[in-house]
Every structure is written in structure tokens, then in C-alpha cells.
>>> print(open('entry-v6.csv').read())   # CSV, C-alpha atoms
chain,number,residue,atom,x,y,z
T,1,GLU,CA,118.2,97.0,134.2
T,2,GLY,CA,115.1,99.1,133.5
T,3,MET,CA,112.8,98.6,130.6
T,4,ARG,CA,113.4,100.9,127.7
T,5,HIS,CA,111.0,101.8,124.9
T,6,ALA,CA,111.6,103.0,121.4
T,7,PHE,CA,108.9,103.9,119.0
T,8,ALA,CA,109.2,104.5,115.3
T,9,ARG,CA,105.7,105.8,114.6
T,10,ARG,CA,105.7,106.1,110.8
T,11,ALA,CA,105.6,103.0,108.7
T,12,ALA,CA,108.5,104.3,106.5
T,13,ARG,CA,110.8,103.9,109.5
T,14,ILE,CA,111.0,100.3,108.5
T,15,GLN,CA,113.7,101.4,106.0
T,16,VAL,CA,116.0,101.9,109.0
T,17,GLY,CA,114.9,98.7,110.7
T,18,ASP,CA,118.3,97.2,110.5
T,19,LEU,CA,119.8,100.2,112.4
T,20,LEU,CA,117.1,100.0,115.0
T,21,HIS,CA,117.6,96.3,115.4
T,22,ALA,CA,121.4,96.8,115.8
T,23,ALA,CA,120.8,99.5,118.4
T,24,PHE,CA,118.0,97.5,120.3
T,25,PRO,CA,118.7,93.8,119.5
T,26,ARG,CA,116.5,92.6,122.3
T,27,ALA,CA,113.6,94.8,121.4
T,28,THR,CA,110.1,93.4,120.9
T,29,THR,CA,109.2,94.6,117.5
T,30,LEU,CA,105.8,95.2,115.9
T,31,PHE,CA,105.0,95.8,112.2
T,32,LEU,CA,101.8,97.7,111.9
T,33,TYR,CA,100.5,97.9,108.3
T,34,ARG,CA,97.4,98.4,106.2
T,35,ARG,CA,96.2,96.8,103.0
T,36,LEU,CA,97.2,98.9,100.0
T,37,ARG,CA,93.8,100.4,99.2
T,38,SER,CA,93.2,101.3,102.9
T,39,TRP,CA,96.7,102.8,103.1
T,40,SER,CA,96.1,104.9,100.0
T,41,ARG,CA,93.1,106.4,101.7
T,42,SER,CA,95.0,107.0,104.9
T,43,ILE,CA,97.7,109.1,103.2
T,44,GLY,CA,95.0,111.3,101.6
T,45,LEU,CA,95.4,110.1,98.0
T,46,GLU,CA,91.7,110.2,97.4
T,47,THR,CA,91.6,113.9,98.3
T,48,ARG,CA,93.2,114.7,94.9
T,49,THR,CA,91.2,114.6,91.7
T,50,PRO,CA,91.9,111.9,89.2
T,51,ALA,CA,93.5,114.5,86.9
T,52,GLU,CA,95.9,115.7,89.7
T,53,ARG,CA,96.8,112.1,90.4
T,54,GLN,CA,98.0,111.6,86.9
T,55,LEU,CA,100.7,114.3,87.1
T,56,PRO,CA,104.2,113.2,88.1
T,57,VAL,CA,105.3,114.4,91.5
T,58,ALA,CA,107.1,117.6,90.9
T,59,GLU,CA,109.1,117.9,94.1
T,60,PHE,CA,110.8,114.8,95.2
T,61,PRO,CA,112.9,115.5,98.4
T,62,ILE,CA,115.7,113.2,99.3
T,63,HIS,CA,113.8,112.0,102.4
T,64,ARG,CA,111.0,110.7,100.2
T,65,ARG,CA,113.5,108.6,98.2
T,66,GLY,CA,114.5,107.0,101.6
T,67,MET,CA,110.8,106.2,102.3
T,68,ALA,CA,110.2,104.8,98.8
T,69,PRO,CA,113.4,103.4,97.5
T,70,LEU,CA,111.5,101.6,94.7
T,71,SER,CA,110.8,105.0,93.2
T,72,VAL,CA,114.4,105.3,92.1
T,73,PRO,CA,114.4,102.4,89.7
T,74,PHE,CA,110.9,103.4,88.6
T,75,ALA,CA,112.1,106.9,87.6
T,76,ALA,CA,115.1,105.4,85.8
T,77,GLU,CA,112.9,102.9,83.9
T,78,HIS,CA,110.1,105.4,83.0
T,79,GLY,CA,112.2,108.5,82.5
T,80,ARG,CA,110.0,110.5,84.9
T,81,GLU,CA,109.0,110.7,88.5
T,82,ALA,CA,106.0,108.6,89.7
T,83,ASN,CA,102.6,110.2,89.9
T,84,PRO,CA,100.9,110.3,93.3
T,85,VAL,CA,99.1,106.9,92.7
T,86,GLU,CA,102.3,105.2,91.5
T,87,LEU,CA,104.3,106.8,94.4
T,88,GLY,CA,101.7,105.5,96.9
T,89,VAL,CA,102.1,102.0,95.5
T,90,LEU,CA,105.9,102.3,95.4
T,91,SER,CA,106.0,103.6,99.0
T,92,TRP,CA,103.8,100.8,100.2
T,93,LEU,CA,105.7,98.1,98.3
T,94,SER,CA,109.0,99.5,99.6
T,95,MET,CA,107.8,99.2,103.2
T,96,MET,CA,106.5,95.6,102.6
T,97,GLU,CA,109.7,94.5,100.8
T,98,ARG,CA,111.8,95.9,103.6
T,99,TYR,CA,109.7,94.1,106.2
T,100,VAL,CA,110.2,90.8,104.3
T,101,ALA,CA,113.9,91.4,104.0
T,102,LEU,CA,114.2,92.2,107.8
T,103,CYS,CA,112.3,89.0,108.6
T,104,ALA,CA,114.7,87.0,106.3
T,105,ALA,CA,117.6,88.6,108.1
T,106,GLY,CA,116.3,87.2,111.4
T,107,VAL,CA,114.4,90.2,112.9
T,108,ARG,CA,111.3,88.9,114.7
T,109,PHE,CA,108.1,90.9,114.3
T,110,LEU,CA,104.5,90.6,115.3
T,111,ALA,CA,102.8,91.8,112.2
T,112,VAL,CA,99.5,93.5,112.9
T,113,ARG,CA,97.2,94.7,110.1
T,114,TYR,CA,95.1,97.8,110.7
T,115,GLU,CA,92.0,96.2,109.3
T,116,GLU,CA,92.4,93.5,112.0
T,117,ILE,CA,92.6,96.2,114.7
T,118,GLN,CA,89.5,97.7,113.3
T,119,ALA,CA,87.6,94.4,113.2
T,120,GLN,CA,88.7,93.0,116.5
T,121,PRO,CA,90.4,95.7,118.5
T,122,GLU,CA,90.3,94.1,121.9
T,123,ALA,CA,91.6,90.7,120.7
T,124,VAL,CA,94.4,92.3,118.7
T,125,LEU,CA,95.4,94.6,121.5
T,126,ALA,CA,95.5,91.6,123.9
T,127,ALA,CA,97.8,89.7,121.4
T,128,VAL,CA,100.0,92.8,121.2
T,129,PHE,CA,100.2,93.1,125.0
T,130,ASP,CA,101.0,89.4,125.3
T,131,TYR,CA,103.7,89.5,122.6
T,132,CYS,CA,105.3,92.6,124.3
T,133,GLY,CA,105.0,91.0,127.8
T,134,LEU,CA,102.9,93.9,129.1
T,135,SER,CA,100.6,93.3,132.0
T,136,ALA,CA,98.6,96.5,131.6
T,137,SER,CA,94.8,96.4,131.4
T,138,VAL,CA,93.7,95.8,127.8
T,139,GLU,CA,90.3,97.3,128.7
T,140,ARG,CA,91.8,100.6,129.8
T,141,ALA,CA,94.1,100.7,126.8
T,142,TYR,CA,91.2,99.9,124.5
T,143,THR,CA,89.6,103.3,125.3
T,144,VAL,CA,92.3,104.9,123.2
T,145,PHE,CA,90.7,103.4,120.1
T,146,ALA,CA,87.7,105.7,120.6
T,147,GLN,CA,89.9,108.7,119.9
T,148,ASP,CA,90.9,109.9,116.5
T,149,SER,CA,94.7,109.7,116.4
T,150,GLN,CA,94.7,112.3,113.6
T,151,GLU,CA,92.5,114.8,115.4
T,152,GLY,CA,93.2,118.3,114.4
T,153,THR,CA,94.9,117.4,111.1
T,154,LEU,CA,93.8,117.2,107.5
T,155,LEU,CA,93.7,113.5,107.8
T,156,SER,CA,91.3,113.4,110.8
T,157,ARG,CA,88.0,111.6,110.5
T,158,ALA,CA,86.1,114.9,110.9
T,159,SER,CA,88.2,116.6,108.2
T,160,ARG,CA,87.8,113.7,105.8
T,161,GLN,CA,84.0,113.8,106.2
T,162,GLN,CA,84.0,117.5,105.3
T,163,ARG,CA,86.1,117.3,102.2
T,164,GLU,CA,85.2,116.0,98.8
T,165,THR,CA,86.9,112.8,97.9
T,166,PHE,CA,87.7,111.1,94.6
T,167,PRO,CA,87.9,107.3,95.0
T,168,LEU,CA,90.5,105.6,93.0
T,169,THR,CA,89.3,104.8,89.5
T,170,ASP,CA,89.1,101.2,88.2
T,171,ASP,CA,92.1,102.0,85.9
T,172,GLU,CA,94.1,103.3,88.8
T,173,LEU,CA,93.3,100.2,90.9
T,174,ALA,CA,94.1,97.9,88.0
T,175,ARG,CA,97.5,99.5,87.5
>>> encode(input="entry-v6.csv", output="C-alpha cells")
Amino acid sequence: EGMRHAFARRAARIQVGDLLHAAFPRATTLFLYRRLRSWSRSIGLETRTPAERQLPVAEFPIHRRGMAPLSVPFAAEHGREANPVELGVLSWLSMMERYVALCAAGVRFLAVRYEEIQAQPEAVLAAVFDYCGLSASVERAYTVFAQDSQEGTLLSRASRQQRETFPLTDDELAR
């Protein structure tokens, strides 16, 4: 039997983690995540002005509800859709809660935080390779970290440096 690989690149795919686990019960599973503040930057939240971040999200496609299931009770409780800051928090919390629920249901993960990858990329990569049973060269794979995975998009490092940003306010961080 050959080795099979399945990748769910976006963090929100954790919402279907039970289905992936049922389809691939012997899979080696990683949970890659970021701290909330770092994640909010990575989704481009700070490219909106503080005034724009206060307005409820006008369009709320059904797929976004699947990515942020906690937004449904939020909207019911508050009588409105979440604003971009609230939606970012609800999305992040939805992913983290789903991860915890999957762990409680017996799905094994190696949890790897983005900030740890940034601080110690070779050590983290070696741990990931070891966990996955891969014998490939960590040194060769490490060269990938020198590349911007978002190159050519609005979220690329170069694009972010060219755009004005609006860091989250103390009030937004406190909420």
C-alpha cells in the first residue's frame, strides 16, 4: 500500500476535521495555528481603518458561517452581524474550539504555532518531519521558509509593506 497525502491548507478546514478523520483514520494530522493578534494581521484586518472595522459585515455568505460557526449565536444574541474585528475573533475561536473538540474525540494532532515556526524554523520542521515519519532533508525543506507563501497576493510581505496599515486599537484588543 502506497503512502497517500491529503492537505487541508486553510485553518477553517478544521471544521470538517471529523469528516477528514473518518476518510483518513490513519492519517498523521497537524494543526497549524497562530496567536490571535498575529492571525488578525495575517487575514488583513489591519488594512481596514478603525472606522471600517466598526461596521457590521454586510455580506455573510453561507460558507463563512461554516468557517465561523460561533458567528451564528453572536448574531442572534446581538441582533446584528459581527464587525470585521468581532468576526476575526469568532473565526479564530471557532477554529480553536473545533480543534479542542476533535482532540477530545480522540483525533491526534501535532499542534504547531506559527510563531514557533518563525522563532525556530529548523527545530520545528525537524519535529514535524519526525512526527510525520518523513526522512527527507530538513535542511533542503527549510529553504522554502525563505520564500513568501503569499507572493503575488494582497497579503504578501511586499504588498503589506506598501500599504498603509491601521493597528488594532487598545479598545479593539480589549474587546
>>> residues_around(input="entry-v6.csv", residues="T:Phe31", least_positions_apart="5", cutoff="8 Å", atoms="only C-alpha atoms", output="list in words")
Tyr99, Phe109, Leu110, Ala111 and Val112 of chain T
>>> atom_distance(input="entry-v6.csv", atom1="atom CA of T:Trp39", atom2="atom CA of T:Glu86")
13.1 Å
>>> atom_distance(input="entry-v6.csv", atom1="atom CA of T:Leu70", atom2="atom CA of T:Glu97")
9.5 Å
>>> closest_atom_pairs(input="entry-v6.csv", of="stretch 19-73 of chain T", to="stretch 169-173 of chain T", cutoff="12 Å", atoms="only C-alpha atoms", output="Markdown table")
| residue | atom | partner | partner_atom | distance |
| --- | --- | --- | --- | --- |
| T:Leu36 | CA | T:Leu173 | CA | 10.0 |
| T:Arg37 | CA | T:Leu173 | CA | 8.3 |
| T:Ser40 | CA | T:Leu173 | CA | 10.6 |
| T:Leu45 | CA | T:Glu172 | CA | 11.5 |
| T:Glu46 | CA | T:Thr169 | CA | 9.9 |
| T:Arg48 | CA | T:Thr169 | CA | 11.9 |
| T:Thr49 | CA | T:Thr169 | CA | 10.2 |
| T:Pro50 | CA | T:Thr169 | CA | 7.6 |
| T:Ala51 | CA | T:Thr169 | CA | 10.9 |
| T:Arg53 | CA | T:Glu172 | CA | 9.3 |
| T:Gln54 | CA | T:Glu172 | CA | 9.4 |
>>> closest_residue(input="entry-v6.csv", among="T:Ala105, T:Ala136, T:Ala58, T:Ala12", to="T:Ser91", atoms="only C-alpha atoms")
T:Ala12
